[in-house]
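Okay, run24.pdb now, which holds PDB, C-alpha atoms:
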```pdb
ATOM      1  CA  MET A   1     -27.836   2.068  -3.988
ATOM      2  CA  HIS A   2     -25.658   3.317  -6.853
ATOM      3  CA  PRO A   3     -22.879   0.999  -8.087
ATOM      4  CA  ALA A   4     -19.289   1.811  -7.181
ATOM      5  CA  ALA A   5     -17.124   2.949 -10.081
ATOM      6  CA  PRO A   6     -13.908   0.962 -10.606
ATOM      7  CA  LEU A   7     -10.525   2.596 -10.875
ATOM      8  CA  PRO A   8      -9.245   3.060 -14.420
ATOM      9  CA  GLU A   9      -6.554   0.460 -13.664
ATOM     10  CA  THR A  10      -8.423  -2.687 -12.622
ATOM     11  CA  ASP A  11      -6.005  -5.345 -13.836
ATOM     12  CA  ILE A  12      -3.902  -5.507 -10.661
ATOM     13  CA  PRO A  13      -3.598  -9.255 -10.040
ATOM     14  CA  PRO A  14      -4.660 -10.383  -6.551
ATOM     15  CA  LEU A  15      -2.055 -11.830  -4.240
ATOM     16  CA  PRO A  16      -2.000 -15.646  -4.238
ATOM     17  CA  ARG A  17      -3.820 -17.336  -1.370
ATOM     18  CA  ILE A  18      -0.560 -18.955  -0.225
ATOM     19  CA  MET A  19       0.777 -15.458   0.549
ATOM     20  CA  LEU A  20      -2.386 -14.314   2.311
ATOM     21  CA  GLU A  21      -3.075 -17.337   4.444
ATOM     22  CA  PRO A  22      -0.214 -17.058   6.987
ATOM     23  CA  LEU A  23      -1.029 -13.389   7.652
ATOM     24  CA  VAL A  24      -4.788 -13.920   7.900
ATOM     25  CA  ARG A  25      -4.321 -17.021  10.043
ATOM     26  CA  ALA A  26      -2.033 -15.131  12.437
ATOM     27  CA  THR A  27      -4.593 -12.323  12.697
ATOM     28  CA  LEU A  28      -7.353 -14.790  13.585
ATOM     29  CA  LEU A  29      -5.184 -16.646  16.102
ATOM     30  CA  GLU A  30      -4.300 -13.383  17.836
ATOM     31  CA  ASP A  31      -8.010 -12.605  18.229
ATOM     32  CA  LEU A  32      -9.082 -16.103  19.249
ATOM     33  CA  GLY A  33      -6.514 -16.225  22.027
ATOM     34  CA  ARG A  34      -6.706 -19.270  24.306
ATOM     35  CA  ARG A  35     -10.433 -19.957  24.438
ATOM     36  CA  GLY A  36     -11.966 -18.705  21.227
ATOM     37  CA  ASP A  37     -14.932 -16.362  20.868
ATOM     38  CA  LEU A  38     -16.519 -16.408  24.322
ATOM     39  CA  THR A  39     -19.244 -13.930  23.366
ATOM     40  CA  SER A  40     -20.508 -15.596  20.204
ATOM     41  CA  ASP A  41     -20.162 -19.091  21.643
ATOM     42  CA  ALA A  42     -22.269 -18.097  24.627
ATOM     43  CA  ILE A  43     -24.961 -16.101  22.829
ATOM     44  CA  VAL A  44     -25.320 -17.472  19.306
ATOM     45  CA  PRO A  45     -26.614 -21.060  18.889
ATOM     46  CA  ALA A  46     -24.321 -23.304  16.875
ATOM     47  CA  SER A  47     -27.189 -24.004  14.476
ATOM     48  CA  ALA A  48     -28.042 -20.331  13.855
ATOM     49  CA  GLN A  49     -27.732 -19.185  10.237
ATOM     50  CA  ALA A  50     -27.541 -15.574   9.045
ATOM     51  CA  THR A  51     -27.089 -13.360   6.020
ATOM     52  CA  LEU A  52     -24.670 -10.463   6.526
ATOM     53  CA  GLU A  53     -23.348  -7.756   4.232
ATOM     54  CA  LEU A  54     -20.045  -5.914   4.074
ATOM     55  CA  ARG A  55     -20.900  -2.260   3.486
ATOM     56  CA  ALA A  56     -18.801   0.857   2.998
ATOM     57  CA  ARG A  57     -19.375   3.641   5.506
ATOM     58  CA  GLN A  58     -16.913   6.053   3.896
ATOM     59  CA  SER A  59     -15.828   7.021   0.412
ATOM     60  CA  GLY A  60     -12.628   5.388  -0.710
ATOM     61  CA  VAL A  61     -10.998   2.615  -2.708
ATOM     62  CA  LEU A  62     -11.568  -1.049  -1.905
ATOM     63  CA  ALA A  63      -8.545  -3.279  -1.249
ATOM     64  CA  GLY A  64      -8.021  -6.488   0.689
ATOM     65  CA  LEU A  65     -11.291  -8.238  -0.100
ATOM     66  CA  GLY A  66      -9.416 -11.523  -0.525
ATOM     67  CA  CYS A  67      -8.092 -11.229   3.028
ATOM     68  CA  ALA A  68     -11.585 -10.658   4.372
ATOM     69  CA  GLN A  69     -12.998 -13.615   2.471
ATOM     70  CA  LEU A  70     -10.182 -15.863   3.675
ATOM     71  CA  ALA A  71     -10.744 -14.834   7.309
ATOM     72  CA  PHE A  72     -14.340 -16.036   7.160
ATOM     73  CA  GLU A  73     -13.444 -19.215   5.259
ATOM     74  CA  LEU A  74     -10.673 -20.177   7.684
ATOM     75  CA  ILE A  75     -13.158 -20.058  10.562
ATOM     76  CA  ASP A  76     -15.809 -21.965   8.603
ATOM     77  CA  PRO A  77     -15.265 -23.195   5.021
ATOM     78  CA  GLY A  78     -19.046 -23.531   4.738
ATOM     79  CA  ILE A  79     -19.613 -19.773   4.758
ATOM     80  CA  ARG A  80     -20.795 -18.565   1.339
ATOM     81  CA  PHE A  81     -18.978 -15.354   0.428
ATOM     82  CA  GLU A  82     -20.385 -13.516  -2.588
ATOM     83  CA  ALA A  83     -18.181 -10.609  -3.669
ATOM     84  CA  LEU A  84     -20.272  -7.875  -5.287
ATOM     85  CA  LEU A  85     -17.307  -5.570  -5.930
ATOM     86  CA  ALA A  86     -13.612  -6.135  -6.562
ATOM     87  CA  ASP A  87     -10.455  -4.553  -5.258
ATOM     88  CA  GLY A  88      -9.999  -1.215  -6.977
ATOM     89  CA  ALA A  89     -13.688  -0.272  -6.797
ATOM     90  CA  ARG A  90     -14.434   3.316  -5.847
ATOM     91  CA  LEU A  91     -16.685   3.181  -2.805
ATOM     92  CA  GLN A  92     -19.394   5.506  -1.566
ATOM     93  CA  PRO A  93     -21.105   5.248   1.832
ATOM     94  CA  GLY A  94     -23.700   2.483   1.763
ATOM     95  CA  ASP A  95     -22.189   0.504  -1.115
ATOM     96  CA  CYS A  96     -22.583  -3.237  -0.605
ATOM     97  CA  ILE A  97     -19.209  -4.907  -1.053
ATOM     98  CA  ALA A  98     -20.055  -8.554  -0.368
ATOM     99  CA  ARG A  99     -22.873 -10.745   0.956
ATOM    100  CA  LEU A 100     -22.224 -13.619   3.359
ATOM    101  CA  GLN A 101     -24.452 -16.538   4.267
ATOM    102  CA  GLY A 102     -23.825 -19.336   6.736
ATOM    103  CA  SER A 103     -23.078 -19.954  10.383
ATOM    104  CA  ALA A 104     -23.882 -16.794  12.335
ATOM    105  CA  ARG A 105     -21.464 -17.772  15.077
ATOM    106  CA  ALA A 106     -18.575 -18.319  12.667
ATOM    107  CA  MET A 107     -19.163 -15.055  10.816
ATOM    108  CA  LEU A 108     -19.223 -13.069  14.051
ATOM    109  CA  THR A 109     -16.033 -14.776  15.186
ATOM    110  CA  ALA A 110     -14.188 -13.783  11.996
ATOM    111  CA  GLU A 111     -15.745 -10.313  11.757
ATOM    112  CA  ARG A 112     -13.115  -8.205  13.486
ATOM    113  CA  SER A 113     -10.109  -9.855  11.840
ATOM    114  CA  ALA A 114     -11.733  -9.532   8.415
ATOM    115  CA  LEU A 115     -12.658  -5.882   8.954
ATOM    116  CA  ASN A 116      -9.258  -4.975  10.408
ATOM    117  CA  LEU A 117      -7.467  -6.201   7.294
ATOM    118  CA  LEU A 118     -10.071  -4.867   4.877
ATOM    119  CA  GLY A 119     -10.203  -1.429   6.503
ATOM    120  CA  LEU A 120      -6.417  -1.135   6.742
ATOM    121  CA  LEU A 121      -5.741  -2.096   3.138
ATOM    122  CA  SER A 122      -8.641  -0.046   1.780
ATOM    123  CA  GLY A 123      -7.245   2.892   3.754
ATOM    124  CA  VAL A 124      -3.853   2.471   2.073
ATOM    125  CA  ALA A 125      -5.462   2.211  -1.369
ATOM    126  CA  SER A 126      -7.636   5.255  -0.663
ATOM    127  CA  ALA A 127      -4.681   7.353   0.522
ATOM    128  CA  THR A 128      -2.687   6.340  -2.537
ATOM    129  CA  ALA A 129      -5.590   7.203  -4.826
ATOM    130  CA  ARG A 130      -5.814  10.701  -3.340
ATOM    131  CA  ILE A 131      -2.240  11.370  -4.462
ATOM    132  CA  ALA A 132      -2.653   9.535  -7.775
ATOM    133  CA  ASP A 133      -5.821  11.466  -8.566
ATOM    134  CA  ALA A 134      -4.152  14.767  -7.708
ATOM    135  CA  ILE A 135      -1.357  14.185 -10.251
ATOM    136  CA  ALA A 136      -3.368  12.274 -12.856
ATOM    137  CA  ALA A 137      -2.919  15.040 -15.443
ATOM    138  CA  THR A 138       0.874  14.644 -15.307
ATOM    139  CA  THR A 139       3.289  11.843 -16.182
ATOM    140  CA  THR A 140       4.479  11.561 -12.574
ATOM    141  CA  ARG A 141       3.667   8.430 -10.567
ATOM    142  CA  VAL A 142       3.205   8.082  -6.828
ATOM    143  CA  THR A 143       5.276   5.366  -5.189
ATOM    144  CA  CYS A 144       5.469   3.938  -1.683
ATOM    145  CA  THR A 145       8.424   3.327   0.640
ATOM    146  CA  ARG A 146       9.586   0.693   3.135
ATOM    147  CA  LYS A 147       7.740   2.555   5.892
ATOM    148  CA  THR A 148       5.186  -0.212   6.294
ATOM    149  CA  LEU A 149       3.604  -1.921   9.289
ATOM    150  CA  PRO A 150       5.693  -4.890  10.485
ATOM    151  CA  GLY A 151       4.641  -8.130   8.835
ATOM    152  CA  LEU A 152       2.198  -6.477   6.429
ATOM    153  CA  ARG A 153       4.517  -5.074   3.756
ATOM    154  CA  ALA A 154       3.379  -7.358   0.931
ATOM    155  CA  LEU A 155      -0.282  -6.560   1.665
ATOM    156  CA  GLN A 156       0.257  -2.814   1.970
ATOM    157  CA  LYS A 157       2.314  -2.634  -1.209
ATOM    158  CA  TYR A 158      -0.433  -4.556  -2.993
ATOM    159  CA  ALA A 159      -2.940  -1.968  -1.718
ATOM    160  CA  VAL A 160      -0.728   0.814  -3.095
ATOM    161  CA  ARG A 161      -0.914  -0.790  -6.543
ATOM    162  CA  VAL A 162      -4.683  -1.115  -6.234
ATOM    163  CA  GLY A 163      -4.877   2.592  -5.378
ATOM    164  CA  GLY A 164      -3.079   3.576  -8.573
ATOM    165  CA  GLY A 165       0.467   3.805  -7.222
ATOM    166  CA  SER A 166       3.675   1.938  -7.923
ATOM    167  CA  ASN A 167       6.026   0.139  -5.579
ATOM    168  CA  HIS A 168       9.498   1.160  -4.522
ATOM    169  CA  ARG A 169      11.800  -1.612  -3.341
ATOM    170  CA  PHE A 170      10.180  -4.302  -1.188
ATOM    171  CA  GLY A 171      13.186  -4.778   1.081
ATOM    172  CA  LEU A 172      16.876  -4.240   1.536
ATOM    173  CA  ASP A 173      17.638  -7.135  -0.792
ATOM    174  CA  ASP A 174      16.106  -6.076  -4.102
ATOM    175  CA  ALA A 175      17.828  -2.757  -4.888
ATOM    176  CA  ILE A 176      20.644  -0.521  -3.642
ATOM    177  CA  LEU A 177      19.691   2.884  -2.230
ATOM    178  CA  ILE A 178      22.726   4.895  -1.188
ATOM    179  CA  LYS A 179      21.819   7.432   1.505
ATOM    180  CA  ASP A 180      23.748  10.072   3.427
ATOM    181  CA  ASN A 181      24.996   7.721   6.143
ATOM    182  CA  HIS A 182      26.266   5.229   3.565
ATOM    183  CA  ILE A 183      28.166   8.037   1.832
ATOM    184  CA  ALA A 184      29.625   9.350   5.084
ATOM    185  CA  ILE A 185      30.842   5.947   6.229
ATOM    186  CA  ALA A 186      32.179   5.031   2.779
ATOM    187  CA  GLY A 187      34.222   8.240   2.689
ATOM    188  CA  GLY A 188      32.360   9.889  -0.168
ATOM    189  CA  LEU A 189      29.864   9.296  -2.959
ATOM    190  CA  PRO A 190      32.375   7.975  -5.516
ATOM    191  CA  GLN A 191      33.577   5.346  -3.072
ATOM    192  CA  ALA A 192      30.012   4.350  -2.169
ATOM    193  CA  VAL A 193      28.960   4.039  -5.818
ATOM    194  CA  GLN A 194      32.100   2.091  -6.737
ATOM    195  CA  ARG A 195      31.474  -0.430  -3.941
ATOM    196  CA  ALA A 196      27.798  -0.692  -4.836
ATOM    197  CA  ARG A 197      28.586  -1.443  -8.483
ATOM    198  CA  ALA A 198      31.157  -4.038  -7.500
ATOM    199  CA  ALA A 199      28.599  -5.834  -5.315
ATOM    200  CA  ALA A 200      25.475  -5.451  -7.447
ATOM    201  CA  GLY A 201      24.546  -7.982 -10.059
ATOM    202  CA  HIS A 202      23.319  -6.928 -13.478
ATOM    203  CA  MET A 203      19.675  -7.132 -12.276
ATOM    204  CA  VAL A 204      20.119  -4.808  -9.289
ATOM    205  CA  GLN A 205      19.334  -1.100  -9.639
ATOM    206  CA  ILE A 206      21.354   1.590  -7.846
ATOM    207  CA  GLU A 207      19.783   4.818  -6.568
ATOM    208  CA  VAL A 208      21.453   7.703  -4.762
ATOM    209  CA  GLU A 209      19.760  10.124  -2.373
ATOM    210  CA  VAL A 210      20.785  13.775  -2.753
ATOM    211  CA  ASP A 211      19.534  16.947  -1.124
ATOM    212  CA  THR A 212      21.555  19.608  -2.942
ATOM    213  CA  LEU A 213      22.242  20.413  -6.587
ATOM    214  CA  ALA A 214      25.948  19.936  -5.991
ATOM    215  CA  GLN A 215      25.359  16.389  -4.756
ATOM    216  CA  LEU A 216      23.103  15.763  -7.727
ATOM    217  CA  GLU A 217      25.763  16.897 -10.189
ATOM    218  CA  GLN A 218      28.237  14.546  -8.560
ATOM    219  CA  ALA A 219      25.774  11.634  -8.790
ATOM    220  CA  LEU A 220      25.033  12.396 -12.438
ATOM    221  CA  ALA A 221      28.747  12.558 -13.230
ATOM    222  CA  LEU A 222      29.010   9.048 -11.795
ATOM    223  CA  GLN A 223      26.173   7.987 -14.157
ATOM    224  CA  VAL A 224      23.915   6.843 -11.352
ATOM    225  CA  PRO A 225      20.664   5.667 -13.035
ATOM    226  CA  ILE A 226      18.202   6.861 -10.352
ATOM    227  CA  VAL A 227      18.374   9.870  -8.035
ATOM    228  CA  LEU A 228      16.220  10.530  -4.991
ATOM    229  CA  LEU A 229      15.726  14.289  -4.624
ATOM    230  CA  ASP A 230      15.098  14.559  -0.913
ATOM    231  CA  ASN A 231      13.246  17.455   0.743
ATOM    232  CA  MET A 232      14.048  19.998  -1.952
ATOM    233  CA  ASP A 233      11.951  23.142  -2.235
ATOM    234  CA  LEU A 234      10.057  23.558  -5.490
ATOM    235  CA  PRO A 235      12.508  25.887  -7.280
ATOM    236  CA  THR A 236      15.453  23.625  -6.403
ATOM    237  CA  LEU A 237      13.493  20.521  -7.337
ATOM    238  CA  GLY A 238      12.649  22.046 -10.708
ATOM    239  CA  GLN A 239      16.323  22.757 -11.375
ATOM    240  CA  ALA A 240      17.266  19.257 -10.288
ATOM    241  CA  VAL A 241      14.769  17.663 -12.647
ATOM    242  CA  GLN A 242      16.106  19.727 -15.553
ATOM    243  CA  MET A 243      19.682  18.749 -14.685
ATOM    244  CA  ALA A 244      18.805  15.055 -14.577
ATOM    245  CA  ARG A 245      16.530  14.967 -17.618
ATOM    246  CA  GLY A 246      17.704  12.268 -19.991
ATOM    247  CA  ARG A 247      20.456  11.267 -17.573
ATOM    248  CA  ALA A 248      18.644   9.636 -14.651
ATOM    249  CA  ILE A 249      15.214   8.720 -13.342
ATOM    250  CA  THR A 250      14.144  11.279 -10.755
ATOM    251  CA  GLU A 251      12.245  10.667  -7.543
ATOM    252  CA  ALA A 252      11.081  13.353  -5.112
ATOM    253  CA  SER A 253      10.347  12.850  -1.424
ATOM    254  CA  GLY A 254       9.552  14.858   1.664
ATOM    255  CA  ARG A 255       6.300  16.125   3.185
ATOM    256  CA  VAL A 256       4.069  15.205   0.250
ATOM    257  CA  THR A 257       0.300  15.711   0.555
ATOM    258  CA  PRO A 258      -2.549  15.591  -1.990
ATOM    259  CA  GLU A 259      -2.426  19.389  -1.929
ATOM    260  CA  THR A 260       1.318  19.710  -2.581
ATOM    261  CA  ALA A 261       1.663  16.758  -4.970
ATOM    262  CA  PRO A 262       0.435  18.613  -8.119
ATOM    263  CA  GLN A 263       3.081  21.320  -7.758
ATOM    264  CA  ILE A 264       5.760  18.694  -7.221
ATOM    265  CA  ALA A 265       4.568  16.761 -10.264
ATOM    266  CA  ASP A 266       4.541  19.925 -12.363
ATOM    267  CA  THR A 267       8.345  20.027 -12.078
ATOM    268  CA  GLY A 268       8.404  16.951 -14.338
ATOM    269  CA  VAL A 269       9.815  14.593 -11.701
ATOM    270  CA  ASP A 270       9.246  10.943 -12.600
ATOM    271  CA  LEU A 271       8.185   9.640  -9.192
ATOM    272  CA  ILE A 272       6.924  11.002  -5.893
ATOM    273  CA  ALA A 273       7.710   8.790  -2.890
ATOM    274  CA  VAL A 274       5.203   9.018  -0.032
ATOM    275  CA  GLY A 275       5.692   7.208   3.283
ATOM    276  CA  TRP A 276       2.451   8.072   5.044
ATOM    277  CA  ILE A 277       0.251   6.215   2.556
ATOM    278  CA  THR A 278       1.433   3.017   4.246
ATOM    279  CA  HIS A 279       2.570   3.918   7.756
ATOM    280  CA  SER A 280      -0.161   6.431   8.633
ATOM    281  CA  ALA A 281      -3.068   6.020   6.212
ATOM    282  CA  PRO A 282      -6.440   6.294   8.005
ATOM    283  CA  VAL A 283      -8.388   3.044   8.125
ATOM    284  CA  LEU A 284     -11.407   3.084   5.800
ATOM    285  CA  ASP A 285     -14.619   2.471   7.723
ATOM    286  CA  ILE A 286     -16.298  -0.714   6.486
ATOM    287  CA  GLY A 287     -18.951  -2.524   8.482
ATOM    288  CA  LEU A 288     -20.572  -5.958   8.630
ATOM    289  CA  ASP A 289     -24.357  -5.587   8.885
ATOM    290  CA  ALA A 290     -27.047  -8.182   9.475
ATOM    291  CA  LEU A 291     -29.983  -8.043   7.085
ATOM    292  CA  SER A 292     -33.197  -7.164   8.931
ATOM    293  CA  GLY A 293     -36.434  -9.093   8.673
TER     294      GLY A 293
END
```

Please express what this file holds, its structure, as structure tokens.
Amino acid sequence: MHPAAPLPETDIPPLPRIMLEPLVRATLLEDLGRRGDLTSDAIVPASAQATLELRARQSGVLAGLGCAQLAFELIDPGIRFEALLADGARLQPGDCIARLQGSARAMLTAERSALNLLGLLSGVASATARIADAIAATTTRVTCTRKTLPGLRALQKYAVRVGGGSNHRFGLDDAILIKDNHIAIAGGLPQAVQRARAAAGHMVQIEVEVDTLAQLEQALALQVPIVLLDNMDLPTLGQAVQMARGRAITEASGRVTPETAPQIADTGVDLIAVGWITHSAPVLDIGLDALSG
């Protein structure tokens, strides 16, 4: 089996165990329910030992291996988990990701929770990598949004980084993003920006969403440092980027795919925000296989 090639950027630090454990524990508890694993408890002797392997069944980018390892270890700390690849590895069907040895019953009990998290996060990393690869020849970066699955934002944003993307704000509390409804209720963009600046500390960034060149000119006149160019067609987006060059960081959004991303990036926009890489990324198929013989 050929080795999986790592992504060029492999220095993404893993999330600390203290962040992973509550999420992995909740996933296991949901699956164990009120009586535990009826099937494995009934069929697999408590003394039975096994060697199992995590194997890729699709091409993609690996992410979430720490979650999978923790799921097995929380069920039985005696399980030996040998990681053969690391998050960020480029996977091909058949690649062996990790080898597990220990209680067969415990490994089967943890299997679904481990694979759910591993497949979900690898799917996010793989979707991100498709966009990142498509625009690799440009200076534009792909970034995620707050359109994440409830309770899993920190994990999904980690997977975006593993896939070669960057993170937008993590929540409502770490940056100010002024959108159309904020402007309407405030009575106009100048009023919204003035109130935002009065409330923001020196560490808080302010971004304004615009969908026309006239709105962009108004935002630039107010010296807003970041502008979100929302759902602009390519000619308009190109003009907007030229208008903002040297005056504000530019971010494009709206119906981005791996096929359309290169043309968007060719406008020179700094960032492309993509929601579906977290809220709708297909799960990457990874299996847990028993060694024969």

I'd like a table as a Markdown table: residues in segment 157-217 of chain A with an atom no more than 10 Å from segment 61-69 of chain A, each row giving the shortest atom pair and its distance in Å to one decimal, all atoms listed in the file counted, sorted by chain and rising residue number.
```
| residue | atom | partner | partner_atom | distance |
| --- | --- | --- | --- | --- |
| A:Tyr158 | CA | A:Ala63 | CA | 8.4 |
| A:Ala159 | CA | A:Ala63 | CA | 5.8 |
| A:Val160 | CA | A:Ala63 | CA | 9.0 |
| A:Arg161 | CA | A:Ala63 | CA | 9.6 |
| A:Val162 | CA | A:Ala63 | CA | 6.7 |
| A:Gly163 | CA | A:Val61 | CA | 6.7 |
| A:Gly164 | CA | A:Val61 | CA | 9.9 |
```

message = Running the PyMOL selection byres ((chain A and resi 106) around 10) on this model by hand, what would come out? Give it as a PyMOL selection string.
response = chain A and resi 37+40-41+44+46+48-49+72-79+102-105+107-111

request  = Using the chain letters and numbers from the file, give me the residues hit by the PyMOL selection byres ((chain A and resi 229) around 10), as a PyMOL selection string.
outcome  = chain A and resi 208-213+215-216+226-228+230-233+236-237+240-241+250-254+269+271-273

Just the selected residues (C-alpha atoms), exported as a compact mmCIF listing (two decimals), in the frame of the given file, please.
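Written file, part-v8.txt:
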```txt
# COMPACT_ATOMS: atom_id res chain seq x y z
CA VAL A 208 21.45 7.70 -4.76
CA GLU A 209 19.76 10.12 -2.37
CA VAL A 210 20.78 13.78 -2.75
CA ASP A 211 19.53 16.95 -1.12
CA THR A 212 21.56 19.61 -2.94
CA LEU A 213 22.24 20.41 -6.59
CA GLN A 215 25.36 16.39 -4.76
CA LEU A 216 23.10 15.76 -7.73
CA ILE A 226 18.20 6.86 -10.35
CA VAL A 227 18.37 9.87 -8.04
CA LEU A 228 16.22 10.53 -4.99
CA ASP A 230 15.10 14.56 -0.91
CA ASN A 231 13.25 17.45 0.74
CA MET A 232 14.05 20.00 -1.95
CA ASP A 233 11.95 23.14 -2.24
CA THR A 236 15.45 23.62 -6.40
CA LEU A 237 13.49 20.52 -7.34
CA ALA A 240 17.27 19.26 -10.29
CA VAL A 241 14.77 17.66 -12.65
CA THR A 250 14.14 11.28 -10.76
CA GLU A 251 12.24 10.67 -7.54
CA ALA A 252 11.08 13.35 -5.11
CA SER A 253 10.35 12.85 -1.42
CA GLY A 254 9.55 14.86 1.66
CA VAL A 269 9.82 14.59 -11.70
CA LEU A 271 8.18 9.64 -9.19
CA ILE A 272 6.92 11.00 -5.89
CA ALA A 273 7.71 8.79 -2.89
```

ask   = the PyMOL selection byres ((chain A and resi 88) around 12) on the file shown: which residues, as a PyMOL selection string?
value = chain A and resi 4-14+60-65+85-87+89-91+97+121-126+128-129+158-165

For a cutoff of 6 Å around the file-coordinate point (4.0, 5.9, -6.7), which residues qualify once you count all atoms listed in the file? I'd like the result as a CSV table (one decimal) with C-alpha atoms, in the coordinates of the input.
```csv
chain,number,residue,atom,x,y,z
A,141,ARG,CA,3.7,8.4,-10.6
A,142,VAL,CA,3.2,8.1,-6.8
A,143,THR,CA,5.3,5.4,-5.2
A,144,CYS,CA,5.5,3.9,-1.7
A,165,GLY,CA,0.5,3.8,-7.2
A,166,SER,CA,3.7,1.9,-7.9
A,272,ILE,CA,6.9,11.0,-5.9
```

request  = Tell me which of A:Ile206, A:Ile183, A:Ala244, A:Leu54 sits closest to Ala290 of chain A, counting all atoms listed in the file.
outcome  = A:Leu54

task = Measure the distance from atom CA of Gly33 of chain A to atom CA of Lys147 of chain A in Å and round it to one decimal.
result = 28.6 Å

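One finds atom CA of Arg153 of chain A at 18.2 Å from atom CA of Leu70 of chain A.
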
remark   = Counting all atoms listed in the file, closest pick from A:Val274, A:Leu222, A:Leu152, A:Met243 relative to Pro22 of chain A is A:Leu152

Point-to-point distance from atom CA of Ile277 of chain A to atom CA of Ala175 of chain A, Å rounded to tenths = 21.1 Å

To test the calculation: enclose all listed atoms of segment 183-188 of chain A in a box whose edges run along x, y and z, add 3 Å on each side, then state centre and edge lengths in Å to one decimal, as lines of an AutoDock Vina configuration file.
```
center_x = 31.2
center_y = 7.5
center_z = 3.0
size_x = 12.1
size_y = 10.9
size_z = 12.4
```

query = Any idea what's packed within 12 Å of Ala200 of chain A, counting all atoms listed in the file, ignoring anything in its chain fewer than 4 positions away? Could you give it as a PyMOL selection string?
reply = chain A and resi 173-177+193-196+204-207

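Of the residues under consideration (A:Pro93, A:Gly201, A:Pro282, A:Pro235), A:Pro235 shows the shortest atom-to-atom contact distance to Ile264 of chain A when counting all atoms listed in the file.
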